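Each remark here refers to the structure printed beneath this line.
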Amino acid sequence: MKRVSESELKPRNGHTLKVGIGCRISGCANQKEQSLKDQEDHGKEVIAELYEGPVEYDVIASKGKGEALDRPELTEVEKILRRRELDIFVWEDLGRLVRGAEAVRLLGVGVDHGTRTIAPNDCIDTAEETWESDALNACAAHVGNNAHTSKRIKNKLMNRFVKNGGVLPCEVYGYLKPPGAKTYHDLQKIPEATPIYQEMFRRLRATGNQEKVADWLNEQKVPVGKYSRGRKKWYGKSVARARRNPLLKGMPGRGFRHTEKDFESGRRKSVHNPKGPTFSRHEFPHLVHVDPVEFDSVNALLDAKNKVHLPTPGNAWRILRKK
């Protein structure tokens with residue numbers, strides 16, 4: 001397959017070729033903004049090989065996950081295509097536009113409105129008769145590669161965790177991760193936090209009220225931890241997360257939650273893992289803040305209490321009727 005079609009480029013206005021160049025990075029820590037400029041330069045090189053006349057460029061550069069379908073730049077791209085403003089649109093590969101079949105639909109909008117699209121790295125050019133099947137194959141490859149990479153990384157990290165207690169999470173209150181720490185063996189317990197956690201569990205057993213315990217923690221000016229997403233206070237939900245964390249009894253787990261894709265938006269959301277967490281083969285008694293028996297007992301007590309109040313189709317209807 002040729003990199004791009006040899007079909008001649010002709011400006012719609014008769015004198016200046018209007019070119020759109022799409023660039024995107026996910027915004028992850030290991031991705032640099034220089035990549036956006038590299039994609040732009042690549043697009044201009046492709047056009048220079050196909051056309052020698054005057055050219056006017058419109059560059060759309062953005063940061064965002066390729067699976068996300070609610071990115072504002074996608075709406076802008078479709079508007080531009082429908083307005084017939086461009087003669088040609090260049091994307092380094094279809095994954096830069098959308099990592100999924102939505103990319104094929106947008107290419108089709110361009111075809112319907114007279115705008116040619118090329119993605120040289122995927123050997124796609126809508127001037128070719130086979131562009132649609134080529135694009136679908138490229139989309140399948142991008143989605144499959146992304147899923148395979150994600151699964152490979154997750155399996156690798158889980159293996160390290162189970163075998164040697166590797167892959168440390170963000171620190172929570174009561175623990176310190178020294179520089180260079182790589183496993184839970186290296187993680188340190190902050191002794192001053194032990195009486196706080198023990199009193200927290202005593203109050204939870206006595207009252208069963210996580211909001212009241214949160215108020216007590218705030219009165220004692222107990223920090224919530226440096227990775228608390230900007231929150232400076234304890235709440236009932238943060239107490240619930242803390243009291244369920246098995247690290248407090250020296251048994252760290254991994255995989256309590258996983259992500260599920262919302263196909264309407266293309267984004268992923270974190271939900272409880274129905275299979276439950278996986279625990280390391282190692283024990284970490286140096287990390288214990290709460291006696292394991294007390295930890296299990298209080299959690300079982302509160303979980304049983306909260307389960308009674310969970311809405312079900314039956315009692316939700318009775319609650320509505322009472323109102």
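Every chain in the structure tokens takes a letter, A first, then B, and so on in the order presented; its residues are numbered from 1, and the ligands are numbered from 1 following the presented order.
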* Asked: Can you tell me, as a PyMOL selection string, what residues are no more than 9 Å from Phe279 (chain A) when counting only C-alpha atoms, ignoring any on the same chain fewer than 3 positions away?
  -> chain A and resi 161-162+251-255+282
Could you save the residues just selected, with N, CA and C atoms, as a PDB file, in the first residue's frame?
```pdb
ATOM      1  N   PHE A 161       4.218  -7.195  42.799  1.00  0.00           N
ATOM      2  CA  PHE A 161       3.594  -7.009  44.109  1.00  0.00           C
ATOM      3  C   PHE A 161       3.458  -8.339  44.848  1.00  0.00           C
ATOM      4  N   VAL A 162       2.947  -9.347  44.162  1.00  0.00           N
ATOM      5  CA  VAL A 162       2.697 -10.637  44.809  1.00  0.00           C
ATOM      6  C   VAL A 162       4.003 -11.304  45.239  1.00  0.00           C
ATOM      7  N   MET A 251      -1.192  -6.070  55.936  1.00  0.00           N
ATOM      8  CA  MET A 251      -1.503  -6.925  54.782  1.00  0.00           C
ATOM      9  C   MET A 251      -1.912  -6.067  53.585  1.00  0.00           C
ATOM     10  N   PRO A 252      -0.955  -5.431  52.910  1.00  0.00           N
ATOM     11  CA  PRO A 252      -1.307  -4.596  51.761  1.00  0.00           C
ATOM     12  C   PRO A 252      -1.932  -5.417  50.644  1.00  0.00           C
ATOM     13  N   GLY A 253      -2.884  -4.828  49.972  1.00  0.00           N
ATOM     14  CA  GLY A 253      -3.542  -5.489  48.847  1.00  0.00           C
ATOM     15  C   GLY A 253      -3.459  -4.630  47.600  1.00  0.00           C
ATOM     16  N   ARG A 254      -3.733  -5.239  46.479  1.00  0.00           N
ATOM     17  CA  ARG A 254      -3.716  -4.525  45.197  1.00  0.00           C
ATOM     18  C   ARG A 254      -4.886  -5.020  44.354  1.00  0.00           C
ATOM     19  N   GLY A 255      -5.532  -4.120  43.632  1.00  0.00           N
ATOM     20  CA  GLY A 255      -6.637  -4.518  42.768  1.00  0.00           C
ATOM     21  C   GLY A 255      -7.988  -4.413  43.437  1.00  0.00           C
ATOM     22  N   HIS A 282       4.009 -11.989  51.073  1.00  0.00           N
ATOM     23  CA  HIS A 282       4.822 -11.617  52.227  1.00  0.00           C
ATOM     24  C   HIS A 282       3.961 -10.996  53.323  1.00  0.00           C
TER      25      HIS A 282
END
```
Would you write out, as a Markdown table, a table of all residues in region 100-219 of chain A that have an atom no more than 10 Å from an atom of region 296-302 of chain A, listing for each the closest atom pair and the distance in Å to one decimal, considering only C-alpha atoms and ordering rows by chain and rising residue number?
```
| residue | atom | partner | partner_atom | distance |
| --- | --- | --- | --- | --- |
| A:Phe201 | CA | A:Val298 | CA | 6.9 |
| A:Arg202 | CA | A:Val298 | CA | 8.5 |
| A:Arg203 | CA | A:Val298 | CA | 9.9 |
| A:Leu204 | CA | A:Val298 | CA | 7.2 |
| A:Arg205 | CA | A:Val298 | CA | 5.8 |
| A:Ala206 | CA | A:Val298 | CA | 9.6 |
| A:Thr207 | CA | A:Leu302 | CA | 9.9 |
| A:Gly208 | CA | A:Leu302 | CA | 6.3 |
| A:Asn209 | CA | A:Leu302 | CA | 8.8 |
| A:Gln210 | CA | A:Leu302 | CA | 9.3 |
```
* Just list the residues in region 54-266 of chain A DSSP gives helix (DSSP H, G or I) on the backbone, as number ranges by chain. => A: 72-82, 94-97, 102-112, 120-122, 131-164, 193-207, 210-219, 236-244, 246-249
Residues just named, written with C-alpha atoms as an mmCIF file, in the first residue's frame:
```cif
data_model
loop_
_atom_site.group_PDB
_atom_site.id
_atom_site.type_symbol
_atom_site.label_atom_id
_atom_site.label_comp_id
_atom_site.auth_asym_id
_atom_site.auth_seq_id
_atom_site.Cartn_x
_atom_site.Cartn_y
_atom_site.Cartn_z
ATOM 1 C CA PRO A 72 -13.842 19.639 22.740
ATOM 2 C CA GLU A 73 -11.339 19.490 19.886
ATOM 3 C CA LEU A 74 -13.294 16.626 18.287
ATOM 4 C CA THR A 75 -16.358 18.854 18.112
ATOM 5 C CA GLU A 76 -14.206 21.587 16.582
ATOM 6 C CA VAL A 77 -12.735 19.173 14.018
ATOM 7 C CA GLU A 78 -16.199 18.070 12.919
ATOM 8 C CA LYS A 79 -17.391 21.685 12.624
ATOM 9 C CA ILE A 80 -14.391 22.547 10.456
ATOM 10 C CA LEU A 81 -15.051 19.560 8.202
ATOM 11 C CA ARG A 82 -18.728 20.430 7.803
ATOM 12 C CA LEU A 94 -5.565 7.830 13.312
ATOM 13 C CA GLY A 95 -4.812 7.290 16.997
ATOM 14 C CA ARG A 96 -3.944 10.994 17.228
ATOM 15 C CA LEU A 97 -7.523 11.778 16.196
ATOM 16 C CA GLU A 102 -15.188 7.196 15.864
ATOM 17 C CA ALA A 103 -12.157 8.209 13.793
ATOM 18 C CA VAL A 104 -13.664 6.456 10.758
ATOM 19 C CA ARG A 105 -16.913 8.417 11.118
ATOM 20 C CA LEU A 106 -15.020 11.720 11.227
ATOM 21 C CA LEU A 107 -13.051 10.766 8.133
ATOM 22 C CA GLY A 108 -16.378 10.024 6.446
ATOM 23 C CA VAL A 109 -17.693 13.479 7.393
ATOM 24 C CA GLY A 110 -14.646 14.913 5.667
ATOM 25 C CA VAL A 111 -15.253 12.831 2.542
ATOM 26 C CA ASP A 112 -18.910 13.911 2.416
ATOM 27 C CA PRO A 120 0.711 8.610 6.721
ATOM 28 C CA ASN A 121 1.846 6.348 9.571
ATOM 29 C CA ASP A 122 -1.269 4.209 9.057
ATOM 30 C CA TRP A 131 -9.829 4.205 2.792
ATOM 31 C CA GLU A 132 -12.751 3.002 4.945
ATOM 32 C CA SER A 133 -11.544 -0.588 5.346
ATOM 33 C CA ASP A 134 -7.984 0.664 5.826
ATOM 34 C CA ALA A 135 -9.168 3.033 8.561
ATOM 35 C CA LEU A 136 -11.207 0.342 10.320
ATOM 36 C CA ASN A 137 -8.198 -1.972 10.316
ATOM 37 C CA ALA A 138 -5.997 0.797 11.706
ATOM 38 C CA CYS A 139 -8.534 1.576 14.444
ATOM 39 C CA ALA A 140 -8.702 -2.095 15.411
ATOM 40 C CA ALA A 141 -4.914 -2.193 15.605
ATOM 41 C CA HIS A 142 -4.766 0.926 17.807
ATOM 42 C CA VAL A 143 -7.467 -0.341 20.175
ATOM 43 C CA GLY A 144 -5.923 -3.815 20.330
ATOM 44 C CA ASN A 145 -2.434 -2.497 20.939
ATOM 45 C CA ASN A 146 -3.683 -0.212 23.708
ATOM 46 C CA ALA A 147 -5.564 -3.048 25.422
ATOM 47 C CA HIS A 148 -2.606 -5.423 25.075
ATOM 48 C CA THR A 149 -0.164 -2.861 26.492
ATOM 49 C CA SER A 150 -2.475 -2.074 29.410
ATOM 50 C CA LYS A 151 -2.898 -5.759 30.269
ATOM 51 C CA ARG A 152 0.835 -6.418 29.999
ATOM 52 C CA ILE A 153 1.704 -3.548 32.361
ATOM 53 C CA LYS A 154 -0.968 -4.532 34.899
ATOM 54 C CA ASN A 155 0.185 -8.157 34.911
ATOM 55 C CA LYS A 156 3.818 -7.108 35.335
ATOM 56 C CA LEU A 157 3.044 -4.806 38.278
ATOM 57 C CA MET A 158 0.799 -7.390 39.949
ATOM 58 C CA ASN A 159 3.516 -10.028 39.626
ATOM 59 C CA ARG A 160 6.051 -7.738 41.302
ATOM 60 C CA PHE A 161 3.594 -7.009 44.109
ATOM 61 C CA VAL A 162 2.697 -10.637 44.809
ATOM 62 C CA LYS A 163 6.261 -11.992 44.650
ATOM 63 C CA ASN A 164 8.237 -9.373 46.567
ATOM 64 C CA ALA A 193 -0.058 7.513 64.016
ATOM 65 C CA THR A 194 -0.586 4.194 65.819
ATOM 66 C CA PRO A 195 -2.539 5.568 68.836
ATOM 67 C CA ILE A 196 -4.608 7.713 66.443
ATOM 68 C CA TYR A 197 -5.646 4.704 64.368
ATOM 69 C CA GLN A 198 -6.310 2.599 67.454
ATOM 70 C CA GLU A 199 -8.558 5.294 68.931
ATOM 71 C CA MET A 200 -10.289 5.673 65.568
ATOM 72 C CA PHE A 201 -11.175 1.977 65.579
ATOM 73 C CA ARG A 202 -12.288 2.149 69.217
ATOM 74 C CA ARG A 203 -14.663 5.014 68.364
ATOM 75 C CA LEU A 204 -15.925 3.227 65.265
ATOM 76 C CA ARG A 205 -16.779 0.167 67.340
ATOM 77 C CA ALA A 206 -18.482 2.282 70.003
ATOM 78 C CA THR A 207 -20.495 4.621 67.745
ATOM 79 C CA GLN A 210 -17.873 7.467 60.518
ATOM 80 C CA GLU A 211 -18.903 11.142 60.322
ATOM 81 C CA LYS A 212 -18.439 11.552 64.080
ATOM 82 C CA VAL A 213 -15.043 9.903 63.897
ATOM 83 C CA ALA A 214 -14.114 12.281 61.060
ATOM 84 C CA ASP A 215 -15.096 15.234 63.272
ATOM 85 C CA TRP A 216 -12.886 13.871 66.057
ATOM 86 C CA LEU A 217 -9.924 13.473 63.677
ATOM 87 C CA ASN A 218 -10.369 17.063 62.500
ATOM 88 C CA GLU A 219 -10.530 18.296 66.110
ATOM 89 C CA GLY A 236 -17.091 10.078 56.586
ATOM 90 C CA LYS A 237 -16.000 8.642 53.239
ATOM 91 C CA SER A 238 -12.316 9.215 53.951
ATOM 92 C CA VAL A 239 -12.708 7.462 57.321
ATOM 93 C CA ALA A 240 -14.418 4.564 55.498
ATOM 94 C CA ARG A 241 -11.513 4.288 53.063
ATOM 95 C CA ALA A 242 -8.981 4.409 55.882
ATOM 96 C CA ARG A 243 -10.637 1.777 58.088
ATOM 97 C CA ARG A 244 -10.922 -0.630 55.120
ATOM 98 C CA PRO A 246 -5.663 -3.719 55.103
ATOM 99 C CA LEU A 247 -2.246 -2.064 55.175
ATOM 100 C CA LEU A 248 -3.208 -0.989 58.721
ATOM 101 C CA LYS A 249 -2.980 -4.646 59.792
#
```
* To do: Enumerate the residues of region 91-285 of chain A with a DSSP assignment of strand (DSSP E or B), computed from the backbone, and present them as JSON, numbers by chain.
  => {"A": [91, 116, 117, 118, 119, 124, 125, 166, 175, 176, 183, 188, 189, 253, 254, 257, 258, 259, 260, 261, 268, 269, 270, 271, 272, 278, 279]}
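Residues in contact with Glu67 (chain A) at 9 Å, where only C-alpha atoms are counted and same-chain residues fewer than 4 positions away are skipped, are listed as Gly95, Val98, Arg99, Gly100, Val143, Ser265, Gly266, Arg267 and Arg268 of chain A.
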How would the residues just chosen look if you wrote them out with C-alpha atoms as a tab-separated table (two decimals), in the first residue's frame?
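So part.tsv came out as:
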```tsv
chain	number	residue	atom	x	y	z
A	95	GLY	CA	-4.81	7.29	17.00
A	98	VAL	CA	-9.41	9.08	18.13
A	99	ARG	CA	-8.27	5.69	19.37
A	100	GLY	CA	-11.39	3.92	18.17
A	143	VAL	CA	-7.47	-0.34	20.17
A	265	SER	CA	-17.87	9.17	26.37
A	266	GLY	CA	-14.95	6.86	25.67
A	267	ARG	CA	-13.58	7.53	29.14
A	268	ARG	CA	-12.80	5.01	31.83
```
* To do: Within 8 Å of Lys65 (chain A), counting only C-alpha atoms, which residues show up once you throw out same-chain ones fewer than 6 positions away? Write them as a ChimeraX atom specification, please.
  => /A:25-27
Report as CSV: every residue of region 51-170 of chain A with an atom at most 9 Å from region 37-47 of chain A, its closest pair of atoms, and their distance in Å to one decimal, counting only C-alpha atoms, with rows sorted by chain and ascending residue number.
```
residue,atom,partner,partner_atom,distance
A:Tyr51,CA,A:Ile47,CA,5.9
A:Glu52,CA,A:Ile47,CA,8.4
A:Val55,CA,A:Ile47,CA,8.8
A:Tyr57,CA,A:Lys44,CA,8.5
A:Val59,CA,A:Glu40,CA,7.3
A:Ala61,CA,A:Glu40,CA,8.5
A:Val90,CA,A:Gly43,CA,5.9
A:Trp91,CA,A:Gly43,CA,7.0
A:Glu92,CA,A:Gln39,CA,6.3
A:Pro120,CA,A:Val46,CA,8.0
```
